Amino acid sequence: MSSKVIVYLFIFIGSTLGAYVPVIWGASLFSFSSVLFSGIGAAIGLFIALSFTE
């Protein structure tokens with residue numbers, strides 16, 4: 001796999017997991033907190049992917 005595919009995969013996984021975090025405390029999947037945590041999860045996924053590819 002190329003490094004670009006790995007980065008996109010980690011961003012996708014991080015944003016998906018981040019979007020589900022507010023569901024744990026009963027918020028909707030389409031709430032503002034879910035969108036916020038999705039962005040945070042994508043940033044964490046990007047950070048992890050960049051640390052693996054270097």
# chains A, B, ... in the order shown; residues from 1 in each chain; ligands from 1

call {"tool": "residues_around", "arguments": {"residues": "Tyr20 (chain A)", "least_positions_apart": "3", "cutoff": "9 Å", "atoms": "only C-alpha atoms", "output": "NGL selection string"}}
result
:A and (15-17 or 23-24 or 29 or 34 or 37-38)

call {"tool": "residues_around", "arguments": {"residues": "Ser3 (chain A)", "least_positions_apart": "4", "cutoff": "10 Å", "atoms": "only C-alpha atoms", "output": "PDB file with N, CA and C atoms, in the first residue's frame"}}
result
ATOM      1  N   VAL A   7      -2.675   6.890   5.027  1.00  0.00           N
ATOM      2  CA  VAL A   7      -3.111   8.127   5.676  1.00  0.00           C
ATOM      3  C   VAL A   7      -4.620   8.286   5.564  1.00  0.00           C
ATOM      4  N   TYR A   8      -5.168   8.057   4.374  1.00  0.00           N
ATOM      5  CA  TYR A   8      -6.621   8.161   4.195  1.00  0.00           C
ATOM      6  C   TYR A   8      -7.366   7.127   5.031  1.00  0.00           C
ATOM      7  N   LEU A   9      -6.822   5.938   5.144  1.00  0.00           N
ATOM      8  CA  LEU A   9      -7.459   4.894   5.937  1.00  0.00           C
ATOM      9  C   LEU A   9      -7.506   5.266   7.407  1.00  0.00           C
ATOM     10  N   ALA A  49      -1.142   8.113  11.532  1.00  0.00           N
ATOM     11  CA  ALA A  49      -0.710   7.648  10.212  1.00  0.00           C
ATOM     12  C   ALA A  49       0.621   8.263   9.814  1.00  0.00           C
ATOM     13  N   LEU A  50       0.810   9.523  10.100  1.00  0.00           N
ATOM     14  CA  LEU A  50       2.075  10.159   9.740  1.00  0.00           C
ATOM     15  C   LEU A  50       3.233   9.624  10.570  1.00  0.00           C
ATOM     16  N   PHE A  52       3.427   6.504  11.531  1.00  0.00           N
ATOM     17  CA  PHE A  52       3.722   5.175  10.988  1.00  0.00           C
ATOM     18  C   PHE A  52       4.433   5.229   9.641  1.00  0.00           C
ATOM     19  N   THR A  53       4.124   6.219   8.836  1.00  0.00           N
ATOM     20  CA  THR A  53       4.677   6.259   7.487  1.00  0.00           C
ATOM     21  C   THR A  53       6.082   6.842   7.432  1.00  0.00           C
ATOM     22  N   GLU A  54       6.547   7.440   8.486  1.00  0.00           N
ATOM     23  CA  GLU A  54       7.885   8.035   8.447  1.00  0.00           C
ATOM     24  C   GLU A  54       8.926   7.167   9.030  1.00  0.00           C
TER      25      GLU A  54
END

call {"tool": "select_by_dssp", "arguments": {"residues": "chain A", "states": "alpha helix (DSSP H)", "output": "PyMOL selection string"}}
result
chain A and resi 3-24+32-53

call {"tool": "atom_distance", "arguments": {"atom1": "CA of Ile6 (chain A)", "atom2": "CA of Ala42 (chain A)"}}
result
12.9 Å

call {"tool": "residues_around", "arguments": {"residues": "Gly18 (chain A)", "least_positions_apart": "4", "cutoff": "10 Å", "atoms": "only C-alpha atoms", "output": "PDB file with N, CA and C atoms, in the first residue's frame"}}
result
ATOM      1  N   PHE A  12     -10.044   8.024   7.970  1.00  0.00           N
ATOM      2  CA  PHE A  12     -11.398   7.486   7.932  1.00  0.00           C
ATOM      3  C   PHE A  12     -11.746   6.747   9.226  1.00  0.00           C
ATOM      4  N   ILE A  13     -10.842   5.914   9.699  1.00  0.00           N
ATOM      5  CA  ILE A  13     -11.092   5.161  10.926  1.00  0.00           C
ATOM      6  C   ILE A  13     -11.190   6.106  12.116  1.00  0.00           C
ATOM      7  N   GLY A  14     -10.313   7.089  12.189  1.00  0.00           N
ATOM      8  CA  GLY A  14     -10.342   8.038  13.303  1.00  0.00           C
ATOM      9  C   GLY A  14     -11.602   8.884  13.321  1.00  0.00           C
ATOM     10  N   PRO A  22     -19.812  10.450  21.052  1.00  0.00           N
ATOM     11  CA  PRO A  22     -20.975  11.054  21.723  1.00  0.00           C
ATOM     12  C   PRO A  22     -22.184  10.122  21.841  1.00  0.00           C
ATOM     13  N   VAL A  23     -22.238   9.096  21.007  1.00  0.00           N
ATOM     14  CA  VAL A  23     -23.338   8.142  21.096  1.00  0.00           C
ATOM     15  C   VAL A  23     -23.266   7.382  22.415  1.00  0.00           C
ATOM     16  N   SER A  33     -21.777  17.756  18.653  1.00  0.00           N
ATOM     17  CA  SER A  33     -20.658  17.110  19.338  1.00  0.00           C
ATOM     18  C   SER A  33     -20.109  15.937  18.536  1.00  0.00           C
ATOM     19  N   SER A  34     -20.966  15.248  17.816  1.00  0.00           N
ATOM     20  CA  SER A  34     -20.504  14.154  16.971  1.00  0.00           C
ATOM     21  C   SER A  34     -19.636  14.671  15.823  1.00  0.00           C
ATOM     22  N   VAL A  35     -20.032  15.780  15.239  1.00  0.00           N
ATOM     23  CA  VAL A  35     -19.226  16.383  14.170  1.00  0.00           C
ATOM     24  C   VAL A  35     -17.894  16.880  14.726  1.00  0.00           C
ATOM     25  N   LEU A  36     -17.929  17.459  15.906  1.00  0.00           N
ATOM     26  CA  LEU A  36     -16.708  17.951  16.543  1.00  0.00           C
ATOM     27  C   LEU A  36     -15.740  16.808  16.851  1.00  0.00           C
ATOM     28  N   PHE A  37     -16.257  15.745  17.442  1.00  0.00           N
ATOM     29  CA  PHE A  37     -15.404  14.610  17.765  1.00  0.00           C
ATOM     30  C   PHE A  37     -14.936  13.880  16.512  1.00  0.00           C
ATOM     31  N   SER A  38     -15.700  13.942  15.442  1.00  0.00           N
ATOM     32  CA  SER A  38     -15.263  13.363  14.183  1.00  0.00           C
ATOM     33  C   SER A  38     -14.029  14.089  13.661  1.00  0.00           C
ATOM     34  N   GLY A  39     -14.022  15.404  13.755  1.00  0.00           N
ATOM     35  CA  GLY A  39     -12.849  16.180  13.355  1.00  0.00           C
ATOM     36  C   GLY A  39     -11.646  15.898  14.230  1.00  0.00           C
ATOM     37  N   ILE A  40     -11.888  15.760  15.518  1.00  0.00           N
ATOM     38  CA  ILE A  40     -10.788  15.439  16.438  1.00  0.00           C
ATOM     39  C   ILE A  40     -10.235  14.050  16.139  1.00  0.00           C
ATOM     40  N   GLY A  41     -11.130  13.091  15.875  1.00  0.00           N
ATOM     41  CA  GLY A  41     -10.693  11.743  15.540  1.00  0.00           C
ATOM     42  C   GLY A  41      -9.914  11.695  14.242  1.00  0.00           C
ATOM     43  N   ALA A  42     -10.315  12.511  13.271  1.00  0.00           N
ATOM     44  CA  ALA A  42      -9.584  12.566  12.005  1.00  0.00           C
ATOM     45  C   ALA A  42      -8.188  13.146  12.218  1.00  0.00           C
ATOM     46  N   ALA A  43      -8.073  14.147  13.067  1.00  0.00           N
ATOM     47  CA  ALA A  43      -6.758  14.731  13.349  1.00  0.00           C
ATOM     48  C   ALA A  43      -5.859  13.729  14.075  1.00  0.00           C
ATOM     49  N   ILE A  44      -6.427  12.972  14.998  1.00  0.00           N
ATOM     50  CA  ILE A  44      -5.643  11.952  15.699  1.00  0.00           C
ATOM     51  C   ILE A  44      -5.241  10.845  14.726  1.00  0.00           C
ATOM     52  N   GLY A  45      -6.161  10.453  13.855  1.00  0.00           N
ATOM     53  CA  GLY A  45      -5.835   9.450  12.844  1.00  0.00           C
ATOM     54  C   GLY A  45      -4.734   9.912  11.917  1.00  0.00           C
TER      55      GLY A  45
END

call {"tool": "decode", "arguments": {"residues": "region 4-30 of chain A", "atoms": "N, CA and C atoms", "output": "PDB file, in the first residue's frame"}}
result
ATOM      1  N   LYS A   4      -0.129   7.244   0.943  1.00  0.00           N
ATOM      2  CA  LYS A   4      -1.338   8.056   0.837  1.00  0.00           C
ATOM      3  C   LYS A   4      -2.578   7.249   1.223  1.00  0.00           C
ATOM      4  N   VAL A   5      -2.616   5.993   0.825  1.00  0.00           N
ATOM      5  CA  VAL A   5      -3.748   5.131   1.171  1.00  0.00           C
ATOM      6  C   VAL A   5      -3.787   4.884   2.674  1.00  0.00           C
ATOM      7  N   ILE A   6      -2.646   4.699   3.279  1.00  0.00           N
ATOM      8  CA  ILE A   6      -2.583   4.478   4.727  1.00  0.00           C
ATOM      9  C   ILE A   6      -3.080   5.707   5.477  1.00  0.00           C
ATOM     10  N   VAL A   7      -2.675   6.890   5.027  1.00  0.00           N
ATOM     11  CA  VAL A   7      -3.111   8.127   5.676  1.00  0.00           C
ATOM     12  C   VAL A   7      -4.620   8.286   5.564  1.00  0.00           C
ATOM     13  N   TYR A   8      -5.168   8.057   4.374  1.00  0.00           N
ATOM     14  CA  TYR A   8      -6.621   8.161   4.195  1.00  0.00           C
ATOM     15  C   TYR A   8      -7.366   7.127   5.031  1.00  0.00           C
ATOM     16  N   LEU A   9      -6.822   5.938   5.144  1.00  0.00           N
ATOM     17  CA  LEU A   9      -7.459   4.894   5.937  1.00  0.00           C
ATOM     18  C   LEU A   9      -7.506   5.266   7.407  1.00  0.00           C
ATOM     19  N   PHE A  10      -6.407   5.778   7.934  1.00  0.00           N
ATOM     20  CA  PHE A  10      -6.371   6.177   9.335  1.00  0.00           C
ATOM     21  C   PHE A  10      -7.273   7.379   9.606  1.00  0.00           C
ATOM     22  N   ILE A  11      -7.353   8.306   8.667  1.00  0.00           N
ATOM     23  CA  ILE A  11      -8.259   9.443   8.831  1.00  0.00           C
ATOM     24  C   ILE A  11      -9.703   8.958   8.857  1.00  0.00           C
ATOM     25  N   PHE A  12     -10.044   8.024   7.970  1.00  0.00           N
ATOM     26  CA  PHE A  12     -11.398   7.486   7.932  1.00  0.00           C
ATOM     27  C   PHE A  12     -11.746   6.747   9.226  1.00  0.00           C
ATOM     28  N   ILE A  13     -10.842   5.914   9.699  1.00  0.00           N
ATOM     29  CA  ILE A  13     -11.092   5.161  10.926  1.00  0.00           C
ATOM     30  C   ILE A  13     -11.190   6.106  12.116  1.00  0.00           C
ATOM     31  N   GLY A  14     -10.313   7.089  12.189  1.00  0.00           N
ATOM     32  CA  GLY A  14     -10.342   8.038  13.303  1.00  0.00           C
ATOM     33  C   GLY A  14     -11.602   8.884  13.321  1.00  0.00           C
ATOM     34  N   SER A  15     -12.031   9.333  12.168  1.00  0.00           N
ATOM     35  CA  SER A  15     -13.240  10.154  12.134  1.00  0.00           C
ATOM     36  C   SER A  15     -14.485   9.322  12.430  1.00  0.00           C
ATOM     37  N   THR A  16     -14.498   8.074  11.992  1.00  0.00           N
ATOM     38  CA  THR A  16     -15.641   7.204  12.287  1.00  0.00           C
ATOM     39  C   THR A  16     -15.727   6.904  13.774  1.00  0.00           C
ATOM     40  N   LEU A  17     -14.614   6.556  14.377  1.00  0.00           N
ATOM     41  CA  LEU A  17     -14.620   6.284  15.817  1.00  0.00           C
ATOM     42  C   LEU A  17     -14.921   7.544  16.618  1.00  0.00           C
ATOM     43  N   GLY A  18     -14.404   8.663  16.182  1.00  0.00           N
ATOM     44  CA  GLY A  18     -14.678   9.914  16.873  1.00  0.00           C
ATOM     45  C   GLY A  18     -16.132  10.319  16.800  1.00  0.00           C
ATOM     46  N   ALA A  19     -16.788  10.015  15.696  1.00  0.00           N
ATOM     47  CA  ALA A  19     -18.206  10.350  15.557  1.00  0.00           C
ATOM     48  C   ALA A  19     -19.072   9.501  16.475  1.00  0.00           C
ATOM     49  N   TYR A  20     -18.634   8.296  16.794  1.00  0.00           N
ATOM     50  CA  TYR A  20     -19.415   7.424  17.664  1.00  0.00           C
ATOM     51  C   TYR A  20     -19.212   7.693  19.149  1.00  0.00           C
ATOM     52  N   VAL A  21     -18.227   8.473  19.531  1.00  0.00           N
ATOM     53  CA  VAL A  21     -17.977   8.749  20.951  1.00  0.00           C
ATOM     54  C   VAL A  21     -19.176   9.424  21.625  1.00  0.00           C
ATOM     55  N   PRO A  22     -19.812  10.450  21.052  1.00  0.00           N
ATOM     56  CA  PRO A  22     -20.975  11.054  21.723  1.00  0.00           C
ATOM     57  C   PRO A  22     -22.184  10.122  21.841  1.00  0.00           C
ATOM     58  N   VAL A  23     -22.238   9.096  21.007  1.00  0.00           N
ATOM     59  CA  VAL A  23     -23.338   8.142  21.096  1.00  0.00           C
ATOM     60  C   VAL A  23     -23.266   7.382  22.415  1.00  0.00           C
ATOM     61  N   ILE A  24     -22.071   7.248  22.971  1.00  0.00           N
ATOM     62  CA  ILE A  24     -21.894   6.532  24.240  1.00  0.00           C
ATOM     63  C   ILE A  24     -22.682   7.208  25.360  1.00  0.00           C
ATOM     64  N   TRP A  25     -22.697   8.544  25.384  1.00  0.00           N
ATOM     65  CA  TRP A  25     -23.447   9.229  26.437  1.00  0.00           C
ATOM     66  C   TRP A  25     -24.851   9.637  26.002  1.00  0.00           C
ATOM     67  N   GLY A  26     -25.326   9.127  24.882  1.00  0.00           N
ATOM     68  CA  GLY A  26     -26.714   9.301  24.496  1.00  0.00           C
ATOM     69  C   GLY A  26     -26.989  10.403  23.501  1.00  0.00           C
ATOM     70  N   ALA A  27     -25.971  11.040  22.974  1.00  0.00           N
ATOM     71  CA  ALA A  27     -26.179  12.086  21.969  1.00  0.00           C
ATOM     72  C   ALA A  27     -26.452  11.439  20.613  1.00  0.00           C
ATOM     73  N   SER A  28     -27.020  12.207  19.730  1.00  0.00           N
ATOM     74  CA  SER A  28     -27.329  11.703  18.398  1.00  0.00           C
ATOM     75  C   SER A  28     -26.054  11.611  17.565  1.00  0.00           C
ATOM     76  N   LEU A  29     -26.090  10.736  16.577  1.00  0.00           N
ATOM     77  CA  LEU A  29     -24.959  10.597  15.671  1.00  0.00           C
ATOM     78  C   LEU A  29     -24.806  11.832  14.791  1.00  0.00           C
ATOM     79  N   PHE A  30     -25.883  12.612  14.637  1.00  0.00           N
ATOM     80  CA  PHE A  30     -25.862  13.806  13.797  1.00  0.00           C
ATOM     81  C   PHE A  30     -25.831  15.094  14.611  1.00  0.00           C
TER      82      PHE A  30
END
